[in-house]
Amino acid sequence: MLLHSLRRQALIATDLDRTMIYSRNAFSTTSEVPTVCVEHLEGAPLSFMTTAAALRMQTLTEPAAVVPTTTRTIKQFNRIKLPGAPWRYAITSNGGNILVDGVPDMRWRIDIDGQVRAGGTTLSEVSAELRSRIDDSWVTKFRVADHLFCYLVVKPKDVPEDFLAEWDAWCRPRGWFASQQGRKIYTMPNAVCKSHAVAEVRRRLLDSGELAPAAKTFAAGDGALDAEMLRAADSAIRPRHGELEQLNWTSPNLTITEATGIMAGEEIINWFIKAAPAE
């Protein structure tokens, strides 16, 4: 009976940046909306949710197993104080790492590293090639994330017109791909995928009895790196902004918010609350 009482009736996998949490520049609203800061960097406030969204997100953990699912590194994820924490599972590094009670699962990571090696070109080779194609006139930072993938922080208006398409074309036959989300251009191995990690977390929750056998999976995200996770979910939602909006991306199971910016984050949480059934 105790095991049954702990079972969650849904799994919610949600992207964070520009889906759940927003920088000041990403608010996209002219009205004064009460907000709460959920992330600081070097003492300065960085990311926010509306106050209503923060309060409602805490209620999601009752009917659902909420799994924050982000492209952020472990260190970047740990800066966030998301309402509803602590999390049994969280997915970082675009699916390259699964955190279990805050601790990286090394078995998962070793398996991912093996898949990346078997899939094609190494990270060091990709990084070297990428460095040969960029310069300081439009790139402000080059970063390697958790020894899994690399990304650029760029001046979007100064990125050469054909760079992304040409770079992606170089990556594809080598087991990698490129994607731009705002000021960041990611270079990602095919094996590092949010949807694969979400499927693994779902399997574990079912095996442990923490998730009801008939539980559905719901997902939210705004970028191309979220597309497969959204497609694989029973039902999904994306905001009316971001990379997927620019691509006009859709799927039969997809809902698109009416709002943009930080108010879309609130709308997504309300959608999750309605979608996740109470026990």
# chains A, B, ... in the order shown; residues from 1 in each chain; ligands from 1
$ closest_atom_pairs --of "segment 47-165 of chain A" --to "segment 196-204 of chain A" --cutoff "12 Å" --atoms "only C-alpha atoms" --output "CSV"
residue,atom,partner,partner_atom,distance
A:Ala64,CA,A:Arg202,CA,11.7
A:Ala65,CA,A:Arg202,CA,9.2
A:Val66,CA,A:Val201,CA,10.7
A:Val67,CA,A:Val198,CA,8.1
A:Pro68,CA,A:Val198,CA,9.8
A:Thr69,CA,A:Val198,CA,8.0
A:Thr70,CA,A:Ala197,CA,10.8
A:Thr71,CA,A:Ala197,CA,11.8
A:Arg88,CA,A:Val201,CA,9.9
A:Tyr89,CA,A:Val201,CA,7.3
A:Ala90,CA,A:Val201,CA,8.8
A:Ile91,CA,A:Ala197,CA,6.9
A:Thr92,CA,A:Ala197,CA,9.3
A:Ser93,CA,A:Ala197,CA,10.4
A:Asn94,CA,A:Ala197,CA,8.6
A:Gly95,CA,A:Ala197,CA,5.1
A:Gly96,CA,A:Ala197,CA,7.6
A:Asn97,CA,A:Ala197,CA,8.0
A:Ile98,CA,A:Ala197,CA,7.1
A:Leu99,CA,A:Val201,CA,9.9
A:Val100,CA,A:Val201,CA,9.6
A:Asp105,CA,A:Val201,CA,11.2
A:Arg107,CA,A:Glu200,CA,11.9
A:Trp108,CA,A:Ala197,CA,8.8
A:Arg109,CA,A:Ala197,CA,10.5
A:Asp111,CA,A:Ala197,CA,11.5
A:Ile112,CA,A:Ala197,CA,9.9
$ select_by_dssp --residues "segment 34-270 of chain A" --states "strand (DSSP E)" --output "ChimeraX atom specification"
/A:35-41,44-50,64-68,89-92,97-100,103-104,139-145,149-154,176-181,184-189,211-220,235-238,254-256
$ write_last_selection --atoms "C-alpha atoms" --output "mmCIF file, in the first residue's frame"
data_model
loop_
_atom_site.group_PDB
_atom_site.id
_atom_site.type_symbol
_atom_site.label_atom_id
_atom_site.label_comp_id
_atom_site.auth_asym_id
_atom_site.auth_seq_id
_atom_site.Cartn_x
_atom_site.Cartn_y
_atom_site.Cartn_z
ATOM 1 C CA THR A 35 8.370 37.562 -10.621
ATOM 2 C CA VAL A 36 10.652 35.516 -8.424
ATOM 3 C CA CYS A 37 14.358 34.970 -9.069
ATOM 4 C CA VAL A 38 15.311 31.288 -9.368
ATOM 5 C CA GLU A 39 18.964 31.676 -10.372
ATOM 6 C CA HIS A 40 21.869 33.904 -9.402
ATOM 7 C CA LEU A 41 25.272 34.133 -11.072
ATOM 8 C CA ALA A 44 23.499 38.828 -9.499
ATOM 9 C CA PRO A 45 19.926 37.751 -10.368
ATOM 10 C CA LEU A 46 19.859 35.907 -13.680
ATOM 11 C CA SER A 47 16.714 33.815 -14.262
ATOM 12 C CA PHE A 48 13.101 34.318 -13.251
ATOM 13 C CA MET A 49 9.616 32.820 -13.192
ATOM 14 C CA THR A 50 6.355 34.626 -12.597
ATOM 15 C CA ALA A 64 3.576 13.880 -11.384
ATOM 16 C CA ALA A 65 7.211 12.862 -11.443
ATOM 17 C CA VAL A 66 8.769 16.125 -12.608
ATOM 18 C CA VAL A 67 12.103 15.722 -14.404
ATOM 19 C CA PRO A 68 13.957 18.959 -15.250
ATOM 20 C CA TYR A 89 15.782 12.615 -11.281
ATOM 21 C CA ALA A 90 17.086 15.451 -13.409
ATOM 22 C CA ILE A 91 18.568 15.343 -16.895
ATOM 23 C CA THR A 92 21.413 17.689 -17.832
ATOM 24 C CA ASN A 97 23.967 13.058 -17.732
ATOM 25 C CA ILE A 98 21.194 11.752 -15.488
ATOM 26 C CA LEU A 99 21.268 13.001 -11.902
ATOM 27 C CA VAL A 100 19.800 10.703 -9.272
ATOM 28 C CA VAL A 103 24.366 12.745 -8.058
ATOM 29 C CA PRO A 104 25.478 11.930 -11.642
ATOM 30 C CA VAL A 139 32.108 34.663 -31.419
ATOM 31 C CA THR A 140 32.420 35.818 -27.808
ATOM 32 C CA LYS A 141 32.906 32.421 -26.136
ATOM 33 C CA PHE A 142 33.844 28.835 -27.054
ATOM 34 C CA ARG A 143 32.862 26.256 -24.434
ATOM 35 C CA VAL A 144 33.127 22.489 -24.010
ATOM 36 C CA ALA A 145 30.203 21.215 -21.916
ATOM 37 C CA PHE A 149 29.716 18.615 -26.706
ATOM 38 C CA CYS A 150 30.739 22.170 -27.492
ATOM 39 C CA TYR A 151 28.940 25.431 -28.048
ATOM 40 C CA LEU A 152 29.587 28.992 -29.124
ATOM 41 C CA VAL A 153 28.206 32.173 -27.630
ATOM 42 C CA VAL A 154 27.807 34.504 -30.599
ATOM 43 C CA TRP A 176 27.174 15.186 -35.036
ATOM 44 C CA PHE A 177 24.827 18.078 -35.802
ATOM 45 C CA ALA A 178 24.624 21.828 -35.181
ATOM 46 C CA SER A 179 21.764 23.897 -33.774
ATOM 47 C CA GLN A 180 21.376 27.573 -32.883
ATOM 48 C CA GLN A 181 19.299 28.772 -29.935
ATOM 49 C CA LYS A 184 24.300 29.911 -28.582
ATOM 50 C CA ILE A 185 25.292 27.572 -31.382
ATOM 51 C CA TYR A 186 25.518 23.969 -30.172
ATOM 52 C CA THR A 187 27.539 21.186 -31.783
ATOM 53 C CA MET A 188 26.102 17.930 -30.478
ATOM 54 C CA PRO A 189 26.797 14.214 -31.028
ATOM 55 C CA LEU A 211 5.377 5.742 -11.566
ATOM 56 C CA ALA A 212 1.971 4.188 -12.247
ATOM 57 C CA PRO A 213 2.002 1.700 -15.161
ATOM 58 C CA ALA A 214 -0.585 3.715 -17.103
ATOM 59 C CA ALA A 215 1.136 7.052 -16.495
ATOM 60 C CA LYS A 216 1.559 9.279 -19.527
ATOM 61 C CA THR A 217 4.611 11.358 -20.407
ATOM 62 C CA PHE A 218 4.219 15.095 -20.950
ATOM 63 C CA ALA A 219 6.993 17.359 -22.221
ATOM 64 C CA ALA A 220 7.794 21.020 -22.872
ATOM 65 C CA SER A 235 1.380 15.094 -25.216
ATOM 66 C CA ALA A 236 3.700 18.078 -25.489
ATOM 67 C CA ILE A 237 3.682 21.849 -25.413
ATOM 68 C CA ARG A 238 6.032 24.517 -26.687
ATOM 69 C CA LEU A 254 1.712 19.300 -29.766
ATOM 70 C CA THR A 255 0.049 22.301 -28.149
ATOM 71 C CA ILE A 256 1.473 25.799 -28.720
#
$ closest_residue --among "A:Ala53, A:Ile12, A:Val116, A:Val126" --to "Met263 of chain A" --atoms "only C-alpha atoms"
A:Ala53
$ select_by_dssp --residues "segment 45-200 of chain A" --states "alpha helix (DSSP H)" --output "ChimeraX atom specification"
/A:51-60,74-77,106-119,123-131,163-171,194-200
$ closest_residue --among "A:Pro239, A:Arg231, A:Gly182, A:Ile269" --to "Ser251 of chain A" --atoms "only C-alpha atoms"
A:Arg231
$ residues_around --residues "Trp249 of chain A" --least-positions-apart "6" --cutoff "10 Å" --atoms "only C-alpha atoms" --output "PyMOL selection string"
chain A and resi 222-224+227+238+243+256
$ closest_residue --among "A:Glu266, A:Asp136, A:Glu125, A:Glu161" --to "Met57 of chain A" --atoms "only C-alpha atoms"
A:Glu266
$ residues_around --residues "Gly221 of chain A" --least-positions-apart "5" --cutoff "7 Å" --atoms "only C-alpha atoms" --output "list in words"
Thr14, Asp15, Thr19, Asp226 and Arg238 of chain A
$ atom_distance --atom1 "atom CA of Thr73 of chain A" --atom2 "atom CA of Leu16 of chain A"
12.2 Å
$ closest_residue --among "A:Lys194, A:Lys81, A:Arg172, A:Arg72" --to "Ala54 of chain A" --atoms "only C-alpha atoms"
A:Lys81
$ atom_distance --atom1 "atom CA of Asp168 of chain A" --atom2 "atom CA of Gln246 of chain A"
17.7 Å
$ atom_distance --atom1 "atom CA of Gly120 of chain A" --atom2 "atom CA of Asp135 of chain A"
25.8 Å
$ closest_residue --among "A:Glu42, A:Asp158, A:Asp17, A:Glu62" --to "Pro277 of chain A" --atoms "only C-alpha atoms"
A:Glu62
